[in-house]
Amino acid sequence: MDNVEFTYLYRDGGNYKKWGRVVFSNPDRLDSDSVEKDLRLALLQDGLFIASQIRVPEVFLYAGGEFSFDDHCYHELDGTRQTPEAATDAHGRSISEFLVEANREAAVGWRAFDPYDSEGSISSYLTSLFSPATRPTTLGSDKL
C-alpha cells in the first residue's frame, strides 16, 4: 500500500522558498490526485493555508526572528503524490484524517497572523521582557 506525500512550501514576497513535506499513511487507499483536489477545495486561493492549523511543521524563512518586509504567515500547497516511504506525520494521522482536519479548519476559517507577533519573533521576545509575569521586581515595588 502506498502512502501519500504532502509537499508544501513557504514563499516570501521576494519569491524565496523553503520546502516541507509530510508522509501520511493511507489505509483507505486514496488516490493522490483526488487527495490534492480535495485539499485545494479546503485551502485558500492558490493553495494557501496556515501550517499550525493543520499541524504540519512551519517552514518559514525567518526562523530565529530575522524578519523582512517580504514575510507573511501563509504556506502553500505544492502537491501530493503516492510514495512507498514510511509515514512521517508527527501526529500519526492517515491522509483521510488529515483531509478531515483540513476541511474542519477551512470551515472554522484560516487565521492569519502577523509574523512579527508570532512566537519566537523579536516582537514576542520584547513583549515578554516587559510583561508583569517576567518583569523583575524591586524591594517595595509591590506597594506601587
# chains A, B, ... in the order shown; residues from 1 in each chain; ligands from 1
>>> residues_around(residues="Lys18 of chain A", least_positions_apart="5", cutoff="8 Å", atoms="only C-alpha atoms", output="list in words")
Leu9, Tyr10, Arg11, Val59, Phe60 and Leu61 of chain A
>>> residues_around(residues="Leu39 of chain A", least_positions_apart="4", cutoff="7 Å", atoms="only C-alpha atoms", output="PyMOL selection string")
chain A and resi 35+43+99
>>> write_last_selection(atoms="N, CA and C atoms", output="compact mmCIF listing (two decimals), in the first residue's frame")
# COMPACT_ATOMS: atom_id res chain seq x y z
N VAL A 35 -6.85 13.29 -3.50
CA VAL A 35 -6.46 13.94 -2.25
C VAL A 35 -6.11 15.40 -2.52
N LEU A 43 -8.40 24.61 1.02
CA LEU A 43 -7.42 25.67 1.25
C LEU A 43 -7.87 26.98 0.62
N LEU A 99 -7.24 15.03 5.77
CA LEU A 99 -8.26 15.71 4.96
C LEU A 99 -9.42 16.21 5.83
>>> residues_around(residues="His75 of chain A", least_positions_apart="2", cutoff="7 Å", atoms="only C-alpha atoms", output="list in words")
Tyr8, Leu9, Tyr10, Leu48, Phe49, Ile50, Ala51, Cys73 and Leu77 of chain A
>>> atom_distance(atom1="atom CA of Phe24 of chain A", atom2="atom CA of Glu5 of chain A")
6.3 Å
>>> residues_around(residues="Arg93 of chain A", least_positions_apart="2", cutoff="12 Å", atoms="only C-alpha atoms", output="JSON, numbers by chain")
{"A": [3, 4, 22, 23, 24, 25, 26, 27, 54, 55, 56, 87, 88, 89, 90, 91, 95, 96, 97, 98, 99, 100, 101, 102]}
>>> write_last_selection(atoms="N, CA and C atoms", output="mmCIF file, in the first residue's frame")
data_model
loop_
_atom_site.group_PDB
_atom_site.id
_atom_site.type_symbol
_atom_site.label_atom_id
_atom_site.label_comp_id
_atom_site.auth_asym_id
_atom_site.auth_seq_id
_atom_site.Cartn_x
_atom_site.Cartn_y
_atom_site.Cartn_z
ATOM 1 N N ASN A 3 1.697 5.143 0.630
ATOM 2 C CA ASN A 3 1.302 6.273 1.458
ATOM 3 C C ASN A 3 1.193 7.501 0.576
ATOM 4 N N VAL A 4 0.802 8.630 1.154
ATOM 5 C CA VAL A 4 0.649 9.866 0.389
ATOM 6 C C VAL A 4 1.564 10.933 0.973
ATOM 7 N N VAL A 22 5.344 16.046 4.411
ATOM 8 C CA VAL A 22 4.885 15.095 5.420
ATOM 9 C C VAL A 22 4.315 13.910 4.664
ATOM 10 N N VAL A 23 4.679 12.704 5.099
ATOM 11 C CA VAL A 23 4.124 11.488 4.504
ATOM 12 C C VAL A 23 3.057 10.961 5.463
ATOM 13 N N PHE A 24 1.858 10.749 4.919
ATOM 14 C CA PHE A 24 0.736 10.234 5.698
ATOM 15 C C PHE A 24 0.463 8.785 5.312
ATOM 16 N N SER A 25 0.071 7.992 6.296
ATOM 17 C CA SER A 25 -0.353 6.622 5.990
ATOM 18 C C SER A 25 -1.612 6.701 5.137
ATOM 19 N N ASN A 26 -1.907 5.614 4.438
ATOM 20 C CA ASN A 26 -3.040 5.630 3.512
ATOM 21 C C ASN A 26 -3.818 4.311 3.573
ATOM 22 N N PRO A 27 -4.370 3.974 4.748
ATOM 23 C CA PRO A 27 -5.084 2.704 4.856
ATOM 24 C C PRO A 27 -6.344 2.637 3.988
ATOM 25 N N ILE A 54 -3.240 23.048 10.637
ATOM 26 C CA ILE A 54 -3.376 21.657 10.211
ATOM 27 C C ILE A 54 -2.213 20.807 10.719
ATOM 28 N N ARG A 55 -1.499 21.367 11.681
ATOM 29 C CA ARG A 55 -0.452 20.659 12.414
ATOM 30 C C ARG A 55 0.619 20.029 11.521
ATOM 31 N N VAL A 56 1.108 20.822 10.578
ATOM 32 C CA VAL A 56 2.305 20.439 9.820
ATOM 33 C C VAL A 56 3.395 21.442 10.193
ATOM 34 N N ALA A 87 5.334 6.513 6.759
ATOM 35 C CA ALA A 87 4.650 7.714 7.251
ATOM 36 C C ALA A 87 5.574 8.488 8.191
ATOM 37 N N THR A 88 5.507 9.813 8.089
ATOM 38 C CA THR A 88 6.348 10.688 8.914
ATOM 39 C C THR A 88 5.536 11.673 9.739
ATOM 40 N N ASP A 89 4.205 11.653 9.621
ATOM 41 C CA ASP A 89 3.393 12.629 10.346
ATOM 42 C C ASP A 89 3.611 12.487 11.845
ATOM 43 N N ALA A 90 3.991 13.571 12.481
ATOM 44 C CA ALA A 90 4.287 13.562 13.919
ATOM 45 C C ALA A 90 3.065 13.235 14.768
ATOM 46 N N HIS A 91 1.869 13.348 14.199
ATOM 47 C CA HIS A 91 0.636 13.102 14.941
ATOM 48 C C HIS A 91 0.018 11.750 14.585
ATOM 49 N N ILE A 95 -3.928 9.933 5.766
ATOM 50 C CA ILE A 95 -4.264 11.011 4.838
ATOM 51 C C ILE A 95 -5.756 11.348 4.932
ATOM 52 N N SER A 96 -6.591 10.346 5.218
ATOM 53 C CA SER A 96 -8.028 10.604 5.397
ATOM 54 C C SER A 96 -8.269 11.490 6.602
ATOM 55 N N GLU A 97 -7.584 11.218 7.702
ATOM 56 C CA GLU A 97 -7.724 12.045 8.903
ATOM 57 C C GLU A 97 -7.204 13.457 8.658
ATOM 58 N N PHE A 98 -6.128 13.561 7.888
ATOM 59 C CA PHE A 98 -5.583 14.873 7.549
ATOM 60 C C PHE A 98 -6.586 15.673 6.713
ATOM 61 N N LEU A 99 -7.242 15.031 5.769
ATOM 62 C CA LEU A 99 -8.263 15.713 4.957
ATOM 63 C C LEU A 99 -9.421 16.209 5.826
ATOM 64 N N VAL A 100 -9.846 15.396 6.778
ATOM 65 C CA VAL A 100 -10.914 15.810 7.688
ATOM 66 C C VAL A 100 -10.474 17.046 8.463
ATOM 67 N N GLU A 101 -9.232 17.019 8.961
ATOM 68 C CA GLU A 101 -8.712 18.155 9.729
ATOM 69 C C GLU A 101 -8.620 19.415 8.865
ATOM 70 N N ALA A 102 -8.130 19.278 7.640
ATOM 71 C CA ALA A 102 -8.023 20.435 6.743
ATOM 72 C C ALA A 102 -9.408 21.023 6.451
#
>>> closest_residue(among="A:Arg21, A:Asp12, A:Gln82, A:Gly92", to="Pro57 of chain A", atoms="only C-alpha atoms")
A:Arg21
>>> closest_residue(among="A:Asp114, A:Glu36, A:Glu105, A:Asp2", to="Asp71 of chain A", atoms="only C-alpha atoms")
A:Asp114
>>> closest_residue(among="A:Ser94, A:Ser68, A:Asn103, A:Gln53", to="Pro115 of chain A", atoms="only C-alpha atoms")
A:Ser68
>>> closest_residue(among="A:Ser52, A:Thr80, A:Ser34, A:Thr7", to="Gly20 of chain A", atoms="only C-alpha atoms")
A:Thr7
>>> select_by_dssp(residues="segment 19-52 of chain A", states="strand (DSSP E or B)", output="list in words")
Trp19, Gly20, Arg21, Val22, Val23, Phe24, Ser25, Leu48 and Phe49 of chain A
>>> write_last_selection(atoms="N, CA and C atoms", output="PDB file, in the first residue's frame")
ATOM      1  N   TRP A  19      10.954  24.469   1.491  1.00  0.00           N
ATOM      2  CA  TRP A  19      10.023  23.367   1.297  1.00  0.00           C
ATOM      3  C   TRP A  19       9.840  22.540   2.555  1.00  0.00           C
ATOM      4  N   GLY A  20       8.670  21.932   2.639  1.00  0.00           N
ATOM      5  CA  GLY A  20       8.360  20.982   3.696  1.00  0.00           C
ATOM      6  C   GLY A  20       7.593  19.816   3.101  1.00  0.00           C
ATOM      7  N   ARG A  21       7.614  18.711   3.808  1.00  0.00           N
ATOM      8  CA  ARG A  21       6.862  17.541   3.338  1.00  0.00           C
ATOM      9  C   ARG A  21       6.508  16.670   4.526  1.00  0.00           C
ATOM     10  N   VAL A  22       5.344  16.046   4.411  1.00  0.00           N
ATOM     11  CA  VAL A  22       4.885  15.095   5.420  1.00  0.00           C
ATOM     12  C   VAL A  22       4.315  13.910   4.664  1.00  0.00           C
ATOM     13  N   VAL A  23       4.679  12.704   5.099  1.00  0.00           N
ATOM     14  CA  VAL A  23       4.124  11.488   4.504  1.00  0.00           C
ATOM     15  C   VAL A  23       3.057  10.961   5.463  1.00  0.00           C
ATOM     16  N   PHE A  24       1.858  10.749   4.919  1.00  0.00           N
ATOM     17  CA  PHE A  24       0.736  10.234   5.698  1.00  0.00           C
ATOM     18  C   PHE A  24       0.463   8.785   5.312  1.00  0.00           C
ATOM     19  N   SER A  25       0.071   7.992   6.296  1.00  0.00           N
ATOM     20  CA  SER A  25      -0.353   6.622   5.990  1.00  0.00           C
ATOM     21  C   SER A  25      -1.612   6.701   5.137  1.00  0.00           C
ATOM     22  N   LEU A  48      -3.181  28.310  -0.425  1.00  0.00           N
ATOM     23  CA  LEU A  48      -2.574  28.878   0.781  1.00  0.00           C
ATOM     24  C   LEU A  48      -3.268  28.361   2.040  1.00  0.00           C
ATOM     25  N   PHE A  49      -2.486  28.234   3.120  1.00  0.00           N
ATOM     26  CA  PHE A  49      -3.010  27.749   4.396  1.00  0.00           C
ATOM     27  C   PHE A  49      -2.098  28.181   5.529  1.00  0.00           C
TER      28      PHE A  49
END
>>> atom_distance(atom1="atom CA of Pro84 of chain A", atom2="atom CA of Asp33 of chain A")
16.0 Å
>>> closest_residue(among="A:Phe113, A:Asp70, A:Ala107, A:Glu85", to="Leu41 of chain A", atoms="only C-alpha atoms")
A:Ala107
>>> atom_distance(atom1="atom CA of Val108 of chain A", atom2="atom CA of Leu44 of chain A")
12.5 Å
